[in-house]
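J.: Before I ask anything, let me first share the structure, which is written out below as structure tokens.
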Amino acid sequence: MKTIKRITSDTISEFAQKIEHAKENFIPMLPFVKMPLHDFDRYKFYSDKGIYLIDYIGDEYCLYHLYHLSEGDDTLRATLILPSNWDKRFEIIEQSIPNIKEWFVEEDDSKKFIIQSLEYGEIEYYPTLSHYLIPTIVRNGYEPKYRMYMKRDGSLPLPQVTDLDEGLSETNYSLELLDDVTNFYYASTNNYRYFTNCTHDEFLEMLEQDFTIRNSKFITDVQGNIVAGIIVTQDSEKVWIDNFTVSPEYNNSRIGKYLLSKTIIDLFNNCPDETLYIYLNRDCYDAISACENNGFVPFEFWTDMIFER
């Protein structure tokens with residue numbers, strides 16, 4: 001950790017010079033499709049919202065840029081991991097990843113540290129988090145979570161909806177369900193495959209949106225407990241079937257297929273021209289099967305590597 005220097009507004013020029021070097025000598029070697037959003041010059045200017053670090057390792061170094069989604073977010077995230085030398089990138093990373101982990105443990109008070117790497121696909125928001133990093137990061141105690149994006153083929157016919165088993169009921173979201181929904185997604189340790197990429201406050205804000213309120217659905221058991229849910233959001237002219245999860249005790253049941261099919265039909269009636277997207281854990285086999293049976297095909301595969309205190 002003593003090799004790591006934290007950059008301030010007074011020393012940002014030191015970071016900026018190294019970004020310029022990387023733009024000429026390292027970044028062109030990375031395997032990603034260049035898009036307008038890949039503006040590396042933004043790292044040359046200091047922002048209080050970011051954490052800028054340089055890990056000096058002998059004659060080499062590694063740059064890091066980290067951030068939180070918002071104030072109160074308990075997860076630290078990486079946007080940039082950039083060794084100084086392409087040919088020595090493996091050696092530099094082998095030495096630097098233990099250092100950044102130690103820095104996190106001793107210098108940051110977040111509960112989690114997440115590094116997200118694209119394995120397959122073109123939409124790469126942070127291309128320096130390339131898949132070559134994955135083995136080293138995992139070996140250093142970060143737990144890998146394997147995610148994927150899917151989208152529905154709109155040319156396919158609408159799905160058929162089967163009946164729910166006796167004792168189960170479908171319900172739309174309402175304010176009266178808020179505590180139950182929050183408990184289902186955040187407090188239930190049984191939903192170990194569920195994850196969210198937003199803070200708790202952002203989750204609550206999502207449930208205040210009219211589009212989300214109209215289209216989100218849940219399945220409850222005979223006691224009124226939520227056993228499955230889908231929260232639907234709209235972002236940048238895309239419709240996202242978010243937070244699709246079924247309690248593990250209902251694995252291999254028809255709940256997931258029913259809930260997804262019903263949601264797709266209702267969304268088609270409300271917004272027939274929109275493409276539907278979904279983000280899932282790759283080990284949610286029942287959910288993935290339900291998606292595939294409803295015309296969803298994968299187009300991006302990610303590995304989220306998480307270190308948790």
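Residues in the structure tokens are named by chain (A, B, ... in the order shown) and by number from 1 within that chain; ligands are numbered from 1 in the order shown.
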Residues at most 10 Å from Leu175 of chain A, counting only C-alpha atoms, excluding those fewer than 5 positions away in the same chain, as a ChimeraX atom specification?
T.: /A:180-181,207-208,213
J.: Find the spatial neighbours of Tyr67 of chain A, counting only C-alpha atoms, within a cut-off of 6 Å - ignore same-chain residues fewer than 2 positions away - and output them as a ChimeraX atom specification.
T.: /A:50,76-77
J.: Write out, as a PDB file, in the first residue's frame, the residues just selected, with N, CA and C atoms.
T.:
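Output file again-v2.pdb is given in full below:
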```
ATOM      1  N   GLY A  50     -14.333  11.539  -7.787  1.00  0.00           N
ATOM      2  CA  GLY A  50     -13.471  10.415  -8.119  1.00  0.00           C
ATOM      3  C   GLY A  50     -12.308  10.268  -7.159  1.00  0.00           C
ATOM      4  N   LEU A  76     -17.459   0.631  -3.575  1.00  0.00           N
ATOM      5  CA  LEU A  76     -16.457   1.348  -4.354  1.00  0.00           C
ATOM      6  C   LEU A  76     -16.306   0.651  -5.697  1.00  0.00           C
ATOM      7  N   ARG A  77     -16.279   1.430  -6.770  1.00  0.00           N
ATOM      8  CA  ARG A  77     -16.219   0.874  -8.119  1.00  0.00           C
ATOM      9  C   ARG A  77     -15.018   1.428  -8.876  1.00  0.00           C
TER      10      ARG A  77
END
```
J.: Run DSSP on the backbone of this structure and report the residues of segment 13-230 of chain A it assigns to strand (DSSP E), as JSON, numbers by chain.
T.: {"A": [50, 51, 52, 53, 54, 55, 56, 57, 60, 61, 62, 63, 64, 65, 66, 67, 75, 76, 77, 78, 79, 80, 81, 82, 83, 112, 113, 114, 115, 116, 117, 118, 119, 120, 143, 144, 145, 146, 147, 148, 149, 150, 151, 152, 169, 170, 171, 172, 217, 218, 219, 220, 226, 227, 228, 229, 230]}
J.: Selected residues, C-alpha atoms, written as a compact mmCIF listing (two decimals), in the first residue's frame, please.
T.:
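Okay, out14.txt is ready:
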```txt
# COMPACT_ATOMS: atom_id res chain seq x y z
CA GLY A 50 -13.47 10.41 -8.12
CA ILE A 51 -10.48 8.81 -6.42
CA TYR A 52 -7.24 9.03 -8.43
CA LEU A 53 -4.38 6.71 -7.47
CA ILE A 54 -0.93 5.88 -8.84
CA ASP A 55 0.72 2.67 -7.70
CA TYR A 56 4.47 3.07 -8.26
CA ILE A 57 6.19 -0.30 -8.80
CA GLU A 60 6.66 1.09 -13.72
CA TYR A 61 3.28 2.13 -12.31
CA CYS A 62 -0.44 1.46 -12.51
CA LEU A 63 -3.17 4.11 -12.64
CA TYR A 64 -6.52 3.68 -10.90
CA HIS A 65 -9.70 5.72 -10.99
CA LEU A 66 -12.41 4.74 -8.48
CA TYR A 67 -15.80 6.18 -7.55
CA THR A 75 -19.68 0.01 -2.86
CA LEU A 76 -16.46 1.35 -4.35
CA ARG A 77 -16.22 0.87 -8.12
CA ALA A 78 -13.36 1.05 -10.61
CA THR A 79 -13.51 2.81 -13.97
CA LEU A 80 -9.80 2.70 -14.82
CA ILE A 81 -6.94 0.24 -14.26
CA LEU A 82 -4.06 1.22 -16.49
CA PRO A 83 -0.52 -0.24 -16.32
CA LYS A 112 -17.49 -3.71 -1.14
CA PHE A 113 -15.01 -3.08 -3.92
CA ILE A 114 -16.17 -4.13 -7.39
CA ILE A 115 -14.28 -4.35 -10.67
CA GLN A 116 -16.40 -5.14 -13.75
CA SER A 117 -14.80 -6.61 -16.86
CA LEU A 118 -16.42 -7.28 -20.24
CA GLU A 119 -15.74 -10.80 -21.54
CA TYR A 120 -17.74 -10.58 -24.76
CA GLU A 143 -15.38 -13.24 -5.80
CA PRO A 144 -16.40 -13.49 -9.46
CA LYS A 145 -20.05 -13.02 -10.40
CA TYR A 146 -20.86 -13.86 -13.99
CA ARG A 147 -23.51 -11.62 -15.60
CA MET A 148 -25.03 -11.21 -19.03
CA TYR A 149 -27.27 -8.84 -20.95
CA MET A 150 -30.11 -10.22 -23.07
CA LYS A 151 -32.62 -8.55 -25.40
CA ARG A 152 -35.85 -9.85 -26.85
CA SER A 169 -51.28 -14.82 -6.75
CA GLU A 170 -50.09 -12.11 -9.14
CA THR A 171 -50.06 -8.52 -7.92
CA ASN A 172 -48.89 -5.22 -9.34
CA LYS A 217 -45.22 -7.38 -10.99
CA PHE A 218 -44.85 -9.77 -8.07
CA ILE A 219 -46.02 -13.24 -7.09
CA THR A 220 -47.18 -13.80 -3.52
CA ILE A 226 -43.44 -12.15 -2.11
CA VAL A 227 -41.81 -15.18 -3.74
CA ALA A 228 -40.96 -13.71 -7.16
CA GLY A 229 -40.67 -10.27 -8.69
CA ILE A 230 -39.91 -8.19 -11.75
```
J.: I want to know what sits within 9 Å of Phe40 of chain A, based on only C-alpha atoms, with residues of the same chain fewer than 6 positions away left out; could you give that as a ChimeraX atom specification?
T.: /A:19-20,23
J.: Please, could you write that set of residues out with C-alpha atoms as a PDB file, in the first residue's frame?
T.:
```
ATOM      1  CA  ILE A  19      -2.959   9.398 -19.234  1.00  0.00           C
ATOM      2  CA  GLU A  20      -1.384  11.078 -22.267  1.00  0.00           C
ATOM      3  CA  LYS A  23      -3.330   7.187 -24.980  1.00  0.00           C
TER       4      LYS A  23
END
```
J.: From a backbone DSSP assignment, name each residue in segment 108-173 of chain A labelled alpha helix (DSSP H), as a PyMOL selection string.
T.: chain A and resi 134-139
J.: Rank nothing, just name the residue among A:Ser216, A:Ile288, A:Asp266, A:Glu124 nearest to Leu37 of chain A, using only C-alpha atoms.
T.: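 Among the listed residues, A:Glu124 lies closest to Leu37 of chain A.
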J.: In terms of the shortest atom-to-atom distance over only C-alpha atoms, which of A:Leu204, A:Ala16, A:Ile255, A:Leu260 is closest to Asp41 of chain A?
T.: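 Using only C-alpha atoms, Asp41 of chain A sits closest to A:Ala16.
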J.: Hey, which of A:Asn269, A:Ser289, A:Leu259, A:Glu122 ends up closest to Phe301 of chain A? Count only C-alpha atoms.
T.: A:Glu122
J.: Calculate how many Å separate atom CA of Gly58 of chain A from atom CA of Phe307 of chain A, rounding to one decimal.
T.: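 Separating atom CA of Gly58 of chain A from atom CA of Phe307 of chain A is a distance of 26.3 Å.
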J.: Within 10 Å of Gly154 of chain A, counting only C-alpha atoms, which residues show up once you throw out same-chain ones fewer than 2 positions away? Write them as a list in words, please.
T.: Lys151, Arg152, Leu156, Pro157, Leu158, Phe268, Pro272, Asp273, Glu274, Thr275, Leu276, Gly295 and Phe296 of chain A
J.: How many Å separate atom CA of Trp86 of chain A from atom CA of Met29 of chain A?
T.: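 The value is 7.6 Å.
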J.: Applying 12 Å and only C-alpha atoms, which residues near Pro135 of chain A remain after dropping the ones on its own chain fewer than 3 positions away? List them as a PyMOL selection string.
T.: chain A and resi 90+93-94+97+117+130-132+138-144+303+305
J.: Write the selection just made, keeping C-alpha atoms, as a short mmCIF file (atom, residue, chain, number, x, y, z; two decimals), in the first residue's frame?
T.:
```cif
data_model
loop_
_atom_site.label_atom_id
_atom_site.label_comp_id
_atom_site.auth_asym_id
_atom_site.auth_seq_id
_atom_site.Cartn_x
_atom_site.Cartn_y
_atom_site.Cartn_z
CA PHE A 90 0.80 -8.95 -16.59
CA ILE A 93 -0.91 -6.19 -12.50
CA GLU A 94 0.40 -9.17 -10.51
CA ILE A 97 -3.66 -5.77 -7.50
CA SER A 117 -14.80 -6.61 -16.86
CA SER A 130 -10.14 -5.63 -19.91
CA HIS A 131 -10.67 -9.36 -19.49
CA TYR A 132 -6.91 -10.01 -19.16
CA VAL A 138 -9.84 -13.45 -8.77
CA ARG A 139 -6.63 -15.00 -7.41
CA ASN A 140 -6.40 -12.05 -5.02
CA GLY A 141 -9.65 -12.91 -3.27
CA TYR A 142 -12.27 -11.10 -5.35
CA GLU A 143 -15.38 -13.24 -5.80
CA PRO A 144 -16.40 -13.49 -9.46
CA THR A 303 -17.54 -10.71 -14.94
CA MET A 305 -15.28 -9.24 -9.30
#
```
J.: Just the number, please: distance in Å from atom CA of Ser70 of chain A to atom CA of Ser13 of chain A, one decimal.
T.: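 Spanning atom CA of Ser70 of chain A to atom CA of Ser13 of chain A is a straight-line distance of 25.7 Å.
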